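Notes for the one structure printed next.
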Amino acid sequence: MKKVTKGFAPLVALALVAAACGGDDAADEPADAPAAADEPADEPAAADEPADEPADEPADEPADEPAEEPAEEPAELLFDYGVSDDTIRVGMNADLSGPFASLVSQIVEGQEVYWEMVNEMGGVAGREVELVILDNAYDVPTHLANYEEMRVEDESGVVFFTESTGSPHTAATVDMLAEDNLLAIPLTWYSGWADPDLGANVVEINANYCIESMNGVEYLADTFDAETIAIVSLAGEYGQDGASGAKLAAEALGLEIVYDGEGAIAGGDQTPIVTELVAAQPDIVWMTTTPTTFAEIFGGSVAQGLQAQWSGNNPTYSYLLLNTALADALSAYYTQSGYTALWGQNDSEGMALVVSEMQKRRPDAIFSDSYIRGFLEAMTAHQILEAAADAGDISRAGILEAFQSAEIDFMGLAPNQTWSGDPNDYIVRETYLYDIDASNFTPDATVSDNDGGTGNVLVAGPYAGSAAEAYVWDGPCFVAG
Amino acid sequence: MFRRPNLYTSYETETQVLPTFTKKVIAVFAVIALFLMPFDFPIISGPTELPILRSIPLIGDGLPFFRFLGDAAWLRYMSDAMIIVIAALGLNILTGMAGQVSLGHAFFLGVGAYTGAFLGGHATDSVYGHGLPMWIWLPGAGVGAALVGIIVSPVAVRLRGLYLAIVTLGLVFLGIHMGNTDWGRKFAGDPSLGRSFPEMDVRVWKEETPLVSISEKGSWFGVEMSSNQKEFLFVAVVMLVFIFFAVNIKRTRTGRALQAIRDRDIAAEVMGVAEFKYKLIAFATSSFFAGVAGALYASHIGKMPAAQFNLILSIEFIAILLIGGAGTVAGTIMGSFFVILLPELVKDFSDWLADRAEGEGIVATVSEVILSGNQGDFGPISTATQTPNYPLSIYDLNIVLYGVLIIVFLIFEPLGLYGIWVKVRNYWKRWPFSY
């Protein structure tokens, strides 16, 4: 017995080291949260302001949401689970402590700010919206257990999941969502969610990876007169969906694929891919991966003298890479692609709303584009709930029905969206493209700094290329197997 | 009724599954408690209404440990833990009993899960599946994994200790890689979305409505039950069968042979123990346990990618054996529950503490010291939603706890939780003369 346990010590040490080396997603959020000493969200700031609020709000408001409140007849309203006479509970099954915590917690914060605003204006159907936030730690079993806690069929359940972090996690709940008539907004943009078999209860916001790739490739090809392309991606739903879109665009535009690395990123060593890329000498490179592996491949190729223009699906790139030695190369060779307008990059009503609400309610929050995603998710849920309330039914089934005919107005933050009819009529074909300018990056800024920036400068968007316009959806761009 | 401890008058009594009266009583109560657990009892589940308990400051408003039973989320964790018990018992046979260190246990769980999915899952355009009933796919998953174990076992005859660990470590990476190949995806589905696994339903053959439905809510013997309660009970029965099997192995010729190999393989062979044969048996049995557990685990989760059967899972099993006590069935069971439920307890407990940070009294002070709710707060564990990773998130804390516990147990209590239990038991056995 003694022998056995003794032998374990080095083994366990070895195993832990090996686990660290094999590390995947955990390392993918580059050194985030630069440990600013700010205090978040002090309430007094909000308490100071109620006086000028009525004057302020209607000015930058879309006007339609608050205006509807008085017309409600709460007595007539049908509801079942997650709703009581004075509250509506909305759930978030979010990664707050796992590998994507820094991104997701900012999305959660954006949502909190949005719902605080909604509640201040009278809530939904005369009820206050209560956010139920559970941490899934990016772990499937935990995600499912959290789901159990929120699906409960009484007042302590929820009516909607305004955030469901993780593709495998959301996919694991798809059957239960259907069974419970619950909707979930995932943090993924897989083209397969438009498939009713997979995503009837999944509310995918914005364009998908596949279309994003088509637009990105077409924009680069047009702007830089490219003739050849290299495609590099992770294996799986994210990577290969993106790579499939890039291939469809290359075919439509007559680009020659000089290196096809679809699904090539597998292990920890990216040197073979760098070698292939440098040998192939493409005009443009399209990548679908994570910021860490992107930095390795991009840095390696640039160091070996590859002069190509690069872009990739969101989140291949992270503006935090501008903190690294790659900043100059990124400014010169990278074009950032995204699904939405980024902070301060257009002068829409929605942008003014995000900026003013964040500055008012979280003046010390770290500067980031992720709050916009939080707003988009909350706006979607809010407008669907309002539509359901207008129809007099905020039961789970009623909300599902409202979703099927809802039209979401993002107030210029992203292309408006609906999910009714044939996927070809409603899938979003516009994305946004940004030039990288390292001098516009302010690592220590808070949302209150009006000249804060993440290094992104809008160059096109909402942009839909000819390939994306002509694309006919007849199933996901990529299915495994 | 009460005999002198450690006095056995015949070989039969000494080798009983439950040799003492106390053990019999404990076993009976444990089984009863296990089967009552999924049902809601007002006293123990959730904030209690009982005035007496209400007046106790900590328990009254729902100390996390006390909202254990009947809670849907906790039932899921308990079912996970019981499935992990089955797999850990398998590793205990291989590592604890036969001394063959394996870091590849997650691989065998994966083989079981995908054998189960191949046999019992439903075919789509992209994945295989034959829709066979559970009485085929569940044992089939075990047999599939056992066959792979047999293929691997000759390596164990040539290698020992650290070298064997490296080889089995390789299996885990090999498995994840195979799941990513075009061929492997026919079994495993999309590398990040995964495939659907068969449901725990009892069918005679492929009929539409199952004979007994475990995965759908409904009534059993007049009691309305959720799918979680049903799955919990089913998994509990399977676990008990495997526990019985694992306890029994130790009492057989095979069990004694395995222990002889563990203590000194050359000496065992000199005494006539066929090393090759018994190592093969150890690998096959261990993999069989892992395969069944893997199929149950996959079915319980419903849909998951192959990458879930990774090295971290293998390390969890090593942690279970070390923390629980290698070589003992009771220790393995304790270790499984401890390791699987610990993260949830830590999380619930931190949430509970955080809720009380604003108040007064001891709890609030403790919470103030340990937790940091805002940036710049004092306290090593972060519960803030903003910048949650700083200084140490609960997720990171759990990983640190594994490491610390493994080290602490290796140094101070090599027999694990089981060793602690033995010490406590001996203390009371000799009380009041326990010095």
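In the structure tokens, the first chain shown is A, the next is B, and so on; residue numbers restart at 1 for each chain, and ligands run from 1 in the order shown.
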
Just need the residues of chain B within 8 Å of chain A, counting only C-alpha atoms, so spit them out as a compact mmCIF listing (two decimals) with C-alpha atoms, in the first residue's frame.
```
# COMPACT_ATOMS: atom_id res chain seq x y z
CA ALA B 72 -33.02 19.48 -8.50
CA ALA B 73 -29.55 20.92 -9.05
CA TRP B 74 -28.08 18.93 -6.17
CA ARG B 76 -27.82 16.21 -10.67
CA TYR B 77 -24.54 16.58 -8.80
CA THR B 95 -4.52 1.03 -9.27
CA GLY B 96 -5.53 0.46 -5.68
CA GLY B 99 -0.98 -1.43 -8.26
CA LEU B 103 -3.76 8.16 -15.93
CA SER B 126 -23.43 12.72 -39.45
CA VAL B 127 -23.21 10.13 -36.66
CA GLY B 161 5.12 2.66 -12.41
CA LEU B 162 5.98 5.93 -14.04
CA ALA B 165 1.52 6.12 -16.30
CA ASN B 180 -11.57 14.79 -33.92
CA ASP B 182 -13.30 12.38 -39.78
CA TRP B 183 -13.65 8.76 -38.80
CA ARG B 185 -16.65 12.14 -35.71
CA LYS B 186 -18.96 9.43 -37.01
CA GLY B 189 -20.13 14.15 -33.46
CA ASP B 190 -18.96 17.73 -33.72
CA PRO B 191 -15.76 18.41 -31.75
CA SER B 192 -17.35 21.29 -29.91
CA LEU B 193 -21.07 20.51 -29.86
CA GLY B 194 -20.84 16.78 -29.36
CA ARG B 262 0.72 -4.97 -6.34
CA ASP B 263 2.93 -5.75 -3.36
CA ILE B 301 -25.51 14.76 -19.52
CA GLY B 302 -27.30 14.10 -22.79
CA LYS B 303 -24.96 15.78 -25.21
CA MET B 304 -21.28 16.57 -24.95
CA PRO B 305 -18.11 16.76 -27.02
CA LEU B 311 -6.79 14.68 -18.65
CA ILE B 312 -8.51 16.79 -15.99
CA ILE B 315 -6.69 13.55 -12.61
CA ILE B 318 -6.40 10.03 -9.14
CA LEU B 322 -5.67 9.53 -3.05
CA ALA B 326 -6.31 3.88 -2.43
CA GLY B 327 -7.17 0.21 -2.30
CA ASN B 374 -15.29 44.52 -5.12
CA GLN B 375 -12.02 45.31 -6.73
CA GLY B 376 -9.52 46.50 -4.17
CA THR B 385 -19.16 39.81 -11.14
CA GLN B 386 -16.87 42.48 -12.49
CA THR B 387 -13.28 41.26 -12.99
CA PRO B 388 -14.20 37.96 -11.39
CA ASN B 389 -10.78 36.42 -11.86
CA TYR B 390 -9.00 38.66 -9.44
CA SER B 393 -12.04 33.02 -8.70
CA ILE B 394 -14.04 30.20 -7.18
CA TYR B 395 -13.23 28.08 -10.22
CA ASP B 396 -9.52 28.63 -9.67
CA ILE B 407 -0.42 17.02 -1.29
CA LEU B 410 -0.07 12.20 0.55
CA PRO B 414 -1.69 8.29 2.93
```

Exercise for the section: Mind the document's chain letters and residue numbers, and return as a PyMOL selection string the residues of stretch 49-290 of chain B that DSSP labels strand (DSSP E). Expected result: chain B and resi 195-196+201-202+212-213+218-220+223-225

Non-local contacts of A:Thr275 (12 Å; only C-alpha atoms; under 5 positions in same chain excluded) as a PDB file with C-alpha atoms, in the first residue's frame:
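Output (out.pdb):
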```pdb
ATOM      1  CA  TYR A 259      -3.298  26.781 -48.257  1.00  0.00           C
ATOM      2  CA  GLY A 261      -5.899  24.689 -43.091  1.00  0.00           C
ATOM      3  CA  ASP A 269       2.445  23.714 -31.571  1.00  0.00           C
ATOM      4  CA  GLN A 270       1.574  26.048 -34.437  1.00  0.00           C
ATOM      5  CA  ALA A 280       2.202  29.462 -49.702  1.00  0.00           C
ATOM      6  CA  GLN A 281       2.632  33.280 -49.752  1.00  0.00           C
ATOM      7  CA  ILE A 297       0.463  32.043 -35.965  1.00  0.00           C
ATOM      8  CA  PHE A 298       0.244  35.708 -36.911  1.00  0.00           C
ATOM      9  CA  GLY A 300       5.336  33.693 -36.394  1.00  0.00           C
ATOM     10  CA  SER A 301       4.347  34.379 -39.991  1.00  0.00           C
ATOM     11  CA  VAL A 302       5.010  38.108 -39.832  1.00  0.00           C
ATOM     12  CA  ALA A 303       8.391  37.455 -38.227  1.00  0.00           C
ATOM     13  CA  GLN A 304       9.264  35.197 -41.165  1.00  0.00           C
ATOM     14  CA  GLY A 305       8.418  37.956 -43.584  1.00  0.00           C
ATOM     15  CA  LEU A 306       4.946  37.031 -44.764  1.00  0.00           C
TER      16      LEU A 306
END
```

Could you pull out all residues of stretch 399-478 of chain A with a DSSP call of alpha helix (DSSP H) and give them as a CSV table (one decimal) with N, CA and C atoms, in the first residue's frame?
```csv
chain,number,residue,atom,x,y,z
A,399,ILE,N,-44.3,33.7,-24.6
A,399,ILE,CA,-43.1,34.3,-25.0
A,399,ILE,C,-42.5,33.7,-26.2
A,400,LEU,N,-42.5,32.3,-26.2
A,400,LEU,CA,-42.0,31.6,-27.4
A,400,LEU,C,-42.8,32.0,-28.7
A,401,GLU,N,-44.1,32.2,-28.5
A,401,GLU,CA,-44.9,32.6,-29.7
A,401,GLU,C,-44.5,34.0,-30.1
A,402,ALA,N,-44.3,34.9,-29.1
A,402,ALA,CA,-43.9,36.3,-29.4
A,402,ALA,C,-42.6,36.3,-30.1
A,403,PHE,N,-41.7,35.4,-29.7
A,403,PHE,CA,-40.3,35.3,-30.4
A,403,PHE,C,-40.5,35.0,-31.8
A,404,GLN,N,-41.4,34.1,-32.2
A,404,GLN,CA,-41.5,33.6,-33.5
A,404,GLN,C,-41.9,34.7,-34.5
A,405,SER,N,-42.5,35.8,-34.0
A,405,SER,CA,-42.9,36.9,-34.9
A,405,SER,C,-42.3,38.2,-34.5
A,423,PRO,N,-35.4,30.7,-43.1
A,423,PRO,CA,-34.1,31.2,-42.7
A,423,PRO,C,-33.5,32.2,-43.7
A,424,ASN,N,-33.7,31.9,-45.0
A,424,ASN,CA,-33.1,32.7,-46.0
A,424,ASN,C,-33.7,34.2,-46.0
A,425,ASP,N,-34.9,34.3,-45.5
A,425,ASP,CA,-35.5,35.6,-45.4
A,425,ASP,C,-35.0,36.4,-44.2
A,426,TYR,N,-34.6,35.7,-43.2
A,426,TYR,CA,-34.2,36.4,-42.0
A,426,TYR,C,-32.8,36.4,-41.5
A,466,SER,N,-21.2,40.6,-52.0
A,466,SER,CA,-22.0,39.9,-53.0
A,466,SER,C,-22.2,38.5,-52.7
A,467,ALA,N,-21.1,37.8,-52.1
A,467,ALA,CA,-21.2,36.4,-51.8
A,467,ALA,C,-22.2,36.2,-50.7
A,468,ALA,N,-22.2,37.0,-49.7
A,468,ALA,CA,-23.2,36.8,-48.6
A,468,ALA,C,-24.6,37.1,-49.1
A,469,GLU,N,-24.8,38.1,-50.0
A,469,GLU,CA,-26.1,38.4,-50.5
A,469,GLU,C,-26.7,37.3,-51.3
A,470,ALA,N,-25.8,36.6,-52.1
A,470,ALA,CA,-26.3,35.6,-52.9
A,470,ALA,C,-26.4,34.2,-52.2
```

Practice task
Can you work out the spacing between atom CA of B:Ser286 and atom CA of B:Ile243 in Å, to one decimal?
Solution key: 12.8 Å

Exercise for the section: Find the distance between atom CA of A:Asp225 and atom CA of A:Glu256 and write it in Å to one decimal. Expected result: 12.7 Å

Problem - Close residues, stretch 387-391 of chain A itself excluded, 8 Å, only C-alpha atoms, min 2 positions apart in chain, as a PyMOL selection string - result: chain A and resi 72+77+124-125+383-385+393-394+398-399+401-402+406

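Rounded to one decimal, atom CA of B:Ser350 and atom CA of A:Arg89 lie 22.9 Å from each other.
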